[in-house]
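Undergrad: So that you have it, the file is protein-v5.cif, and it contains mmCIF, C-alpha atoms:
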```cif
data_entry
#
loop_
_atom_site.label_atom_id
_atom_site.label_comp_id
_atom_site.auth_asym_id
_atom_site.auth_seq_id
_atom_site.Cartn_x
_atom_site.Cartn_y
_atom_site.Cartn_z
CA MET A 613 49.47 -3.90 -27.49
CA LYS A 614 46.10 -2.81 -26.13
CA SER A 615 44.20 -0.09 -27.94
CA LYS A 616 42.72 2.68 -25.83
CA GLU A 617 40.39 3.87 -28.58
CA LEU A 618 36.82 2.69 -28.90
CA LEU A 619 36.29 1.63 -32.49
CA VAL A 620 33.03 2.56 -34.17
CA ALA A 621 32.37 1.50 -37.73
CA ALA A 622 32.94 4.18 -40.34
CA ILE A 623 30.02 5.05 -42.60
CA GLN A 624 30.29 5.17 -46.36
CA ASP A 625 27.71 7.91 -46.91
CA GLY A 626 25.70 9.87 -44.38
CA THR A 627 26.05 12.34 -41.53
CA VAL A 628 27.99 12.36 -38.29
CA ILE A 629 26.64 14.70 -35.63
CA ASP A 630 29.50 15.57 -33.30
CA HIS A 631 30.05 17.67 -30.16
CA ILE A 632 26.55 17.09 -28.80
CA PRO A 633 26.45 17.90 -25.07
CA ALA A 634 26.30 14.38 -23.54
CA GLU A 635 23.02 15.02 -21.71
CA LYS A 636 21.36 16.06 -24.99
CA THR A 637 22.42 13.06 -27.09
CA TYR A 638 19.21 11.03 -26.82
CA GLN A 639 17.05 14.14 -27.09
CA VAL A 640 18.79 14.93 -30.41
CA ALA A 641 18.18 11.36 -31.62
CA THR A 642 14.48 11.60 -30.73
CA LEU A 643 14.11 15.09 -32.18
CA LEU A 644 15.48 13.90 -35.53
CA GLY A 645 13.28 10.78 -35.49
CA LEU A 646 16.27 8.46 -35.79
CA GLU A 647 14.35 5.57 -34.20
CA ASN A 648 12.19 5.49 -37.35
CA LEU A 649 15.06 5.10 -39.83
CA SER A 650 15.78 1.79 -41.52
CA THR A 651 19.46 2.64 -42.09
CA PRO A 652 22.20 2.04 -39.49
CA VAL A 653 22.41 4.58 -36.66
CA THR A 654 25.24 4.58 -34.11
CA ILE A 655 24.80 6.58 -30.90
CA GLY A 656 27.69 7.18 -28.53
CA CYS A 657 27.47 9.10 -25.30
CA ASN A 658 29.77 10.41 -22.56
CA TYR A 659 32.95 10.60 -24.65
CA PRO A 660 35.58 13.02 -23.30
CA SER A 661 35.57 16.37 -25.12
CA GLU A 662 37.76 19.43 -24.73
CA LYS A 663 34.94 21.64 -26.08
CA VAL A 664 31.98 20.50 -23.96
CA GLY A 665 33.41 18.27 -21.18
CA THR A 666 31.61 15.10 -22.22
CA LYS A 667 29.98 14.73 -25.59
CA GLY A 668 27.72 12.55 -27.61
CA ILE A 669 28.19 11.55 -31.21
CA ILE A 670 25.64 10.14 -33.63
CA LYS A 671 26.45 8.47 -36.95
CA VAL A 672 23.59 8.12 -39.42
CA ALA A 673 24.24 6.10 -42.57
CA GLU A 674 22.63 7.21 -45.83
CA LYS A 675 20.93 10.26 -44.28
CA PHE A 676 21.51 13.93 -45.02
CA PHE A 677 19.51 16.38 -42.94
CA THR A 678 17.32 19.17 -44.33
CA ASP A 679 17.66 22.80 -43.26
CA GLU A 680 14.42 22.40 -41.25
CA GLU A 681 15.82 19.40 -39.38
CA ILE A 682 19.02 21.32 -38.69
CA SER A 683 16.98 24.27 -37.36
CA ARG A 684 15.17 21.89 -35.00
CA LEU A 685 18.52 20.51 -33.91
CA SER A 686 19.81 24.01 -33.10
CA VAL A 687 17.09 24.43 -30.46
CA VAL A 688 18.32 21.46 -28.43
CA ALA A 689 22.05 21.52 -29.19
CA PRO A 690 23.03 24.80 -30.87
CA ASN A 691 26.77 24.24 -31.24
CA VAL A 692 27.02 20.78 -32.73
CA ILE A 693 29.03 20.01 -35.85
CA LEU A 694 27.56 18.07 -38.78
CA ASN A 695 30.10 16.11 -40.80
CA ILE A 696 28.83 15.14 -44.24
CA ILE A 697 30.37 11.84 -45.37
CA HIS A 698 30.74 10.56 -48.97
CA ASP A 699 32.83 7.46 -49.76
CA TYR A 700 34.09 7.30 -46.15
CA GLU A 701 35.52 10.84 -46.36
CA VAL A 702 34.34 14.03 -44.67
CA VAL A 703 33.41 16.28 -47.59
CA GLU A 704 31.80 19.07 -45.59
CA LYS A 705 31.61 20.28 -42.00
CA LYS A 706 28.68 22.42 -40.92
CA ALA A 707 28.49 24.26 -37.64
CA VAL A 708 24.87 24.26 -36.53
CA GLU A 709 23.74 27.71 -35.49
CA THR A 710 20.41 28.93 -34.24
CA PRO A 711 18.65 30.72 -37.13
CA ASP A 712 17.17 34.22 -36.76
CA GLU A 713 13.64 32.75 -36.80
CA LEU A 714 12.13 29.50 -35.58
CA ARG A 715 8.92 28.45 -37.36
CA GLY A 716 6.78 25.61 -36.03
CA ILE A 717 9.55 24.29 -33.80
CA VAL A 718 8.91 25.56 -30.26
CA ARG A 719 5.78 26.38 -28.27
CA CYS A 720 5.03 29.76 -26.76
CA ASN A 721 4.94 29.44 -22.98
CA ASN A 722 2.26 32.14 -22.75
CA PRO A 723 -0.98 30.14 -22.42
CA LYS A 724 -3.02 33.11 -23.72
CA CYS A 725 -0.99 33.44 -26.95
CA ILE A 726 -3.03 33.01 -30.12
CA CYS A 727 -0.65 30.30 -31.37
CA ASN A 728 -1.66 28.14 -28.39
CA ASN A 729 -5.37 28.66 -28.99
CA GLU A 730 -5.71 28.62 -32.78
CA PRO A 731 -4.51 26.05 -35.33
CA MET A 732 -1.47 27.96 -36.55
CA GLN A 733 2.28 27.60 -36.81
CA THR A 734 4.40 29.19 -34.09
CA LEU A 735 6.96 31.84 -35.01
CA PHE A 736 9.78 33.11 -32.82
CA HIS A 737 12.45 35.71 -33.44
CA ILE A 738 15.82 35.23 -31.82
CA VAL A 739 16.50 38.29 -29.67
CA ASP A 740 19.93 37.24 -28.39
CA LYS A 741 21.81 34.17 -29.64
CA GLN A 742 24.37 34.40 -26.83
CA THR A 743 21.81 34.12 -24.04
CA GLY A 744 19.34 32.08 -26.11
CA THR A 745 16.47 34.53 -25.77
CA LEU A 746 13.51 34.30 -28.17
CA ARG A 747 10.43 36.44 -28.64
CA CYS A 748 7.06 35.20 -29.83
CA HIS A 749 6.00 36.94 -33.02
CA TYR A 750 2.35 37.04 -31.94
CA CYS A 751 2.37 38.06 -28.27
CA ASN A 752 5.95 39.40 -27.86
CA HIS A 753 6.46 37.10 -24.85
CA GLU A 754 10.16 36.34 -24.31
CA GLN A 755 11.51 33.00 -23.18
CA GLU A 756 14.85 31.29 -22.85
CA LEU A 757 15.88 28.70 -25.42
CA LYS A 758 16.97 26.25 -22.70
CA GLN A 759 13.42 26.24 -21.27
CA VAL A 760 11.36 25.88 -24.44
CA LYS A 761 9.06 22.99 -25.22
CA LEU A 762 9.12 21.61 -28.73
CA VAL A 763 6.00 21.56 -30.88
#
```
Can you give me the file's structure in the form of structure tokens?
TA:
Amino acid sequence: MKSKELLVAAIQDGTVIDHIPAEKTYQVATLLGLENLSTPVTIGCNYPSEKVGTKGIIKVAEKFFTDEEISRLSVVAPNVILNIIHDYEVVEKKAVETPDELRGIVRCNNPKCICNNEPMQTLFHIVDKQTGTLRCHYCNHEQELKQVKLV
């Protein structure tokens, strides 16, 4: 009998990032600095998904992400699911959501904004999570989440 499932090794402890839009998979890996880890990382891309059409999945052994890392992740892929694994079992599922504020994560696309001309941390308020609209705290310039550049 031939198996139609692609087998990927289970992880004992760590995090599985699931339901990443396929085209964002490698951007998520880079954003989280996974290339710098010394623990096993498995990246899968273009798997069929009922939620997002095609999805990516990333398994990271022995790594649990901080709230700041999760906030960064929400900018690129706001609807992913984090599965926290202990002893090969999913002990917690977290839906990643865009927070109300983004600090030091994205750049203001207004070249005259003070945060682009002074050594300071950026700060954005989320105006509308549905449309992905943010407003710069300093200059009130609005921009779309899908068009932001990361700091």
Undergrad: Check which residues satisfy the PyMOL selection byres ((chain A and resi 672-676) around 6) in the file shown, then give them as an mmCIF file with C-alpha atoms, in the frame of the given file.
TA:
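This is the output file result09.cif:
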```
data_model
loop_
_atom_site.group_PDB
_atom_site.id
_atom_site.type_symbol
_atom_site.label_atom_id
_atom_site.label_comp_id
_atom_site.auth_asym_id
_atom_site.auth_seq_id
_atom_site.Cartn_x
_atom_site.Cartn_y
_atom_site.Cartn_z
ATOM 1 C CA ILE A 623 30.020 5.050 -42.600
ATOM 2 C CA ASP A 625 27.710 7.910 -46.910
ATOM 3 C CA GLY A 626 25.700 9.870 -44.380
ATOM 4 C CA THR A 627 26.050 12.340 -41.530
ATOM 5 C CA THR A 651 19.460 2.640 -42.090
ATOM 6 C CA PRO A 652 22.200 2.040 -39.490
ATOM 7 C CA VAL A 653 22.410 4.580 -36.660
ATOM 8 C CA LYS A 671 26.450 8.470 -36.950
ATOM 9 C CA PHE A 677 19.510 16.380 -42.940
#
```
Undergrad: May I ask which of the residues A:Leu714, A:Leu646, A:Val692, A:Leu685 is the closest one to A:Ile632, counting all atoms listed in the file?
TA: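 Looking at the shortest contact to A:Ile632, the residue is A:Val692.
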Undergrad: Would you mind reading off the distance between atom CA of A:Ile717 and atom CA of A:Pro633, one decimal, in Å?
TA: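 Result for atom CA of A:Ile717 versus atom CA of A:Pro633: 20.1 Å, one decimal.
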Undergrad: Could you tell me which residues the PyMOL selection byres ((chain A and resi 757) around 12) returns for this structure, as a ChimeraX atom specification?
TA: /A:684,686-690,710,714,717-721,736-748,754-756,758-762
Undergrad: With C-alpha atoms retained, could you export that selection as a PDB file, in the frame of the given file?
TA:
```pdb
ATOM      1  CA  ARG A 684      15.170  21.890 -35.000  1.00  0.00           C
ATOM      2  CA  SER A 686      19.810  24.010 -33.100  1.00  0.00           C
ATOM      3  CA  VAL A 687      17.090  24.430 -30.460  1.00  0.00           C
ATOM      4  CA  VAL A 688      18.320  21.460 -28.430  1.00  0.00           C
ATOM      5  CA  ALA A 689      22.050  21.520 -29.190  1.00  0.00           C
ATOM      6  CA  PRO A 690      23.030  24.800 -30.870  1.00  0.00           C
ATOM      7  CA  THR A 710      20.410  28.930 -34.240  1.00  0.00           C
ATOM      8  CA  LEU A 714      12.130  29.500 -35.580  1.00  0.00           C
ATOM      9  CA  ILE A 717       9.550  24.290 -33.800  1.00  0.00           C
ATOM     10  CA  VAL A 718       8.910  25.560 -30.260  1.00  0.00           C
ATOM     11  CA  ARG A 719       5.780  26.380 -28.270  1.00  0.00           C
ATOM     12  CA  CYS A 720       5.030  29.760 -26.760  1.00  0.00           C
ATOM     13  CA  ASN A 721       4.940  29.440 -22.980  1.00  0.00           C
ATOM     14  CA  PHE A 736       9.780  33.110 -32.820  1.00  0.00           C
ATOM     15  CA  HIS A 737      12.450  35.710 -33.440  1.00  0.00           C
ATOM     16  CA  ILE A 738      15.820  35.230 -31.820  1.00  0.00           C
ATOM     17  CA  VAL A 739      16.500  38.290 -29.670  1.00  0.00           C
ATOM     18  CA  ASP A 740      19.930  37.240 -28.390  1.00  0.00           C
ATOM     19  CA  LYS A 741      21.810  34.170 -29.640  1.00  0.00           C
ATOM     20  CA  GLN A 742      24.370  34.400 -26.830  1.00  0.00           C
ATOM     21  CA  THR A 743      21.810  34.120 -24.040  1.00  0.00           C
ATOM     22  CA  GLY A 744      19.340  32.080 -26.110  1.00  0.00           C
ATOM     23  CA  THR A 745      16.470  34.530 -25.770  1.00  0.00           C
ATOM     24  CA  LEU A 746      13.510  34.300 -28.170  1.00  0.00           C
ATOM     25  CA  ARG A 747      10.430  36.440 -28.640  1.00  0.00           C
ATOM     26  CA  CYS A 748       7.060  35.200 -29.830  1.00  0.00           C
ATOM     27  CA  GLU A 754      10.160  36.340 -24.310  1.00  0.00           C
ATOM     28  CA  GLN A 755      11.510  33.000 -23.180  1.00  0.00           C
ATOM     29  CA  GLU A 756      14.850  31.290 -22.850  1.00  0.00           C
ATOM     30  CA  LYS A 758      16.970  26.250 -22.700  1.00  0.00           C
ATOM     31  CA  GLN A 759      13.420  26.240 -21.270  1.00  0.00           C
ATOM     32  CA  VAL A 760      11.360  25.880 -24.440  1.00  0.00           C
ATOM     33  CA  LYS A 761       9.060  22.990 -25.220  1.00  0.00           C
ATOM     34  CA  LEU A 762       9.120  21.610 -28.730  1.00  0.00           C
TER      35      LEU A 762
END
```
Undergrad: One decimal, in Å: what's the spacing between atom CA of A:Glu709 and atom CA of A:Asn691?
TA: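 So the answer is 6.3 Å.
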Undergrad: Find the residue from A:Ala641, A:Ile693, A:Cys725, A:Ile682 that sits nearest to A:Pro711; use all atoms listed in the file when measuring.
TA: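 When distances to A:Pro711 are compared using all atoms listed in the file, the smallest one comes from A:Ile682.
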Undergrad: Write out as a list in words the residues lying within 10 Å of A:His631, counting all atoms listed in the file and excluding same-chain residues fewer than 4 positions away.
TA: Thr637, Tyr659, Pro660, Ser661, Glu662, Lys663, Val664, Gly665, Thr666, Lys667, Gly668, Ile669, Ile670, Ala689, Asn691, Val692, Ile693 and Leu694 of chain A
Undergrad: What is the distance between atom CA of A:Cys657 and atom CA of A:Asp630, in Å to one decimal?
TA: 10.5 Å
Undergrad: Write out as a count of residues only which residues come within 7 Å of A:Gln624 when counting only C-alpha atoms, dropping same-chain ones fewer than 2 positions away.
TA: 6
Undergrad: Skip A:Gly716 itself and residues of its chain fewer than 3 positions away, then list as a ChimeraX atom specification all residues within 8 Å of it, counting only C-alpha atoms.
TA: /A:719,733-735,763
